[in-house]
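The file entry-v5.cif comes next; it holds mmCIF, C-alpha atoms.
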```cif
data_final
#
loop_
_atom_site.group_PDB
_atom_site.id
_atom_site.type_symbol
_atom_site.label_atom_id
_atom_site.label_comp_id
_atom_site.auth_asym_id
_atom_site.auth_seq_id
_atom_site.Cartn_x
_atom_site.Cartn_y
_atom_site.Cartn_z
ATOM 1 C CA MET Z 517 108.099 109.158 97.812
ATOM 2 C CA LYS Z 518 110.419 111.183 100.035
ATOM 3 C CA ILE Z 519 110.388 108.575 102.774
ATOM 4 C CA LEU Z 520 111.232 105.858 100.245
ATOM 5 C CA HIS Z 521 114.132 107.916 98.932
ATOM 6 C CA HIS Z 522 115.255 108.513 102.536
ATOM 7 C CA MET Z 523 115.408 104.706 102.865
ATOM 8 C CA ASN Z 524 117.475 104.644 99.641
ATOM 9 C CA ILE Z 525 114.587 103.036 97.722
ATOM 10 C CA HIS Z 526 114.568 104.737 94.316
ATOM 11 C CA SER Z 527 113.446 101.895 92.065
ATOM 12 C CA ILE Z 528 112.174 98.336 91.991
ATOM 13 C CA THR Z 529 113.294 95.502 89.752
ATOM 14 C CA LYS Z 530 110.748 93.031 88.425
ATOM 15 C CA GLY Z 531 112.611 90.368 86.491
ATOM 16 C CA SER Z 532 114.572 92.302 83.881
ATOM 17 C CA GLN Z 533 112.413 95.427 84.195
ATOM 18 C CA THR Z 534 113.413 98.343 86.425
ATOM 19 C CA VAL Z 535 110.670 100.696 87.569
ATOM 20 C CA ILE Z 536 111.722 104.108 88.869
ATOM 21 C CA ILE Z 537 109.867 105.346 91.936
ATOM 22 C CA ASP Z 538 109.161 108.944 90.996
ATOM 23 C CA LYS Z 539 106.397 111.509 91.286
ATOM 24 C CA GLN Z 540 104.562 110.117 88.240
ATOM 25 C CA MET Z 541 104.497 106.568 89.642
ATOM 26 C CA ILE Z 542 103.201 107.783 92.993
ATOM 27 C CA GLN Z 543 100.533 109.911 91.271
ATOM 28 C CA GLU Z 544 99.380 106.860 89.282
ATOM 29 C CA LEU Z 545 99.081 104.811 92.474
ATOM 30 C CA VAL Z 546 97.142 107.591 94.213
ATOM 31 C CA GLY Z 547 94.900 107.951 91.170
ATOM 32 C CA LEU Z 548 94.069 104.246 91.238
ATOM 33 C CA ARG Z 549 93.434 104.444 94.962
ATOM 34 C CA ASN Z 550 91.033 107.326 94.396
ATOM 35 C CA LYS Z 551 89.213 105.419 91.628
ATOM 36 C CA THR Z 552 88.785 102.508 94.019
ATOM 37 C CA PHE Z 553 87.141 104.637 96.665
ATOM 38 C CA HIS Z 554 84.959 106.524 94.189
ATOM 39 C CA GLY Z 555 83.522 103.520 92.361
ATOM 40 C CA ASN Z 556 85.521 103.474 89.087
ATOM 41 C CA LYS Z 557 87.105 100.031 88.985
ATOM 42 C CA ASN Z 558 87.281 99.367 85.241
ATOM 43 C CA ASP Z 559 91.038 99.205 84.714
ATOM 44 C CA ASP Z 560 92.078 95.710 85.900
ATOM 45 C CA ASP Z 561 95.516 95.806 84.240
ATOM 46 C CA SER Z 562 96.415 99.024 86.053
ATOM 47 C CA TYR Z 563 95.356 97.502 89.365
ATOM 48 C CA LYS Z 564 97.439 94.369 88.752
ATOM 49 C CA LYS Z 565 100.475 96.504 87.893
ATOM 50 C CA ALA Z 566 99.956 98.726 90.944
ATOM 51 C CA VAL Z 567 99.588 95.782 93.332
ATOM 52 C CA GLU Z 568 102.705 94.144 91.926
ATOM 53 C CA ASN Z 569 104.711 97.374 92.241
ATOM 54 C CA LEU Z 570 103.495 97.903 95.810
ATOM 55 C CA LEU Z 571 104.509 94.369 96.781
ATOM 56 C CA TYR Z 572 108.030 94.995 95.483
ATOM 57 C CA ILE Z 573 108.168 98.313 97.344
ATOM 58 C CA ASP Z 574 106.928 96.590 100.522
ATOM 59 C CA GLU Z 575 109.696 94.010 100.174
ATOM 60 C CA LYS Z 576 112.318 96.771 99.971
ATOM 61 C CA ILE Z 577 110.838 98.569 102.988
ATOM 62 C CA LEU Z 578 110.950 95.364 105.036
ATOM 63 C CA SER Z 579 114.536 94.791 103.953
ATOM 64 C CA TYR Z 580 115.431 98.342 105.012
ATOM 65 C CA ILE Z 581 113.769 97.878 108.404
ATOM 66 C CA GLY Z 582 115.472 94.498 108.878
ATOM 67 C CA SER Z 583 118.890 96.058 108.350
ATOM 68 C CA PHE Z 584 118.781 97.741 111.780
#
```

How does the structure come out when it is put into structure tokens?
Amino acid sequence: MKILHHMNIHSITKGSQTVIIDKQMIQELVGLRNKTFHGNKNDDDSYKKAVENLLYIDEKILSYIGSF
């Protein structure tokens, strides 16, 4: 999260929804990652949401890198 904030990435916007990148969001992503590697893959909606959020974050990171 700190590196994202260093790149001035504090939130993502998906349509009309703004998602704040905070400690809770990062903990949810890490939790899903841990479930994946420990065999608990029952929460498809959470995975879809996480993948979508990560794609938006990736887009912002690439934009940041491209600004140099």

* Asked: In Å, how far is it from atom CA of Z:Asn569 to atom CA of Z:Ile519?
  ->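 Pair atom CA of Z:Asn569 / atom CA of Z:Ile519 returns 16.4 Å.
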
* For each of Z:Leu570, Z:Glu575, Z:Tyr563, Z:Ile581, take the minimum atom-to-atom distance to Z:Val535, counting all atoms listed in the file, then give the residue where this is smallest. =>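 The shortest atom-to-atom distance to Z:Val535 comes from Z:Leu570.
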
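With all atoms listed in the file as the atoms that count, the residue of Z:Lys530, Z:Ser583, Z:Thr552, Z:Val546 with the shortest distance to Z:Leu571 is Z:Lys530.
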
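Selection check: the PyMOL selection byres ((chain Z and resi 545) around 12) on the shown file gives Z:Met517, Z:Ile537, Z:Asp538, Z:Lys539, Z:Gln540, Z:Met541, Z:Ile542, Z:Gln543, Z:Glu544, Z:Val546, Z:Gly547, Z:Leu548, Z:Arg549, Z:Asn550, Z:Lys551, Z:Thr552, Z:Ser562, Z:Tyr563, Z:Lys564, Z:Lys565, Z:Ala566, Z:Val567, Z:Glu568, Z:Asn569, Z:Leu570.
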
* For each of Z:Phe584, Z:Ile577, Z:Asp561, Z:Tyr572, take the minimum atom-to-atom distance to Z:His522, counting all atoms listed in the file, then give the residue where this is smallest. =>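 Between Z:Phe584, Z:Ile577, Z:Asp561, Z:Tyr572, the residue approaching Z:His522 most closely is Z:Ile577.
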
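Here atom CA of Z:Ser532 stands at a distance of 22.0 Å from atom CA of Z:Tyr580.
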
* Asked: Just how far from atom CA of Z:His521 is atom CA of Z:Asp560, in Å to one decimal?
  ->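 That distance, rounded to one decimal, is 28.4 Å.
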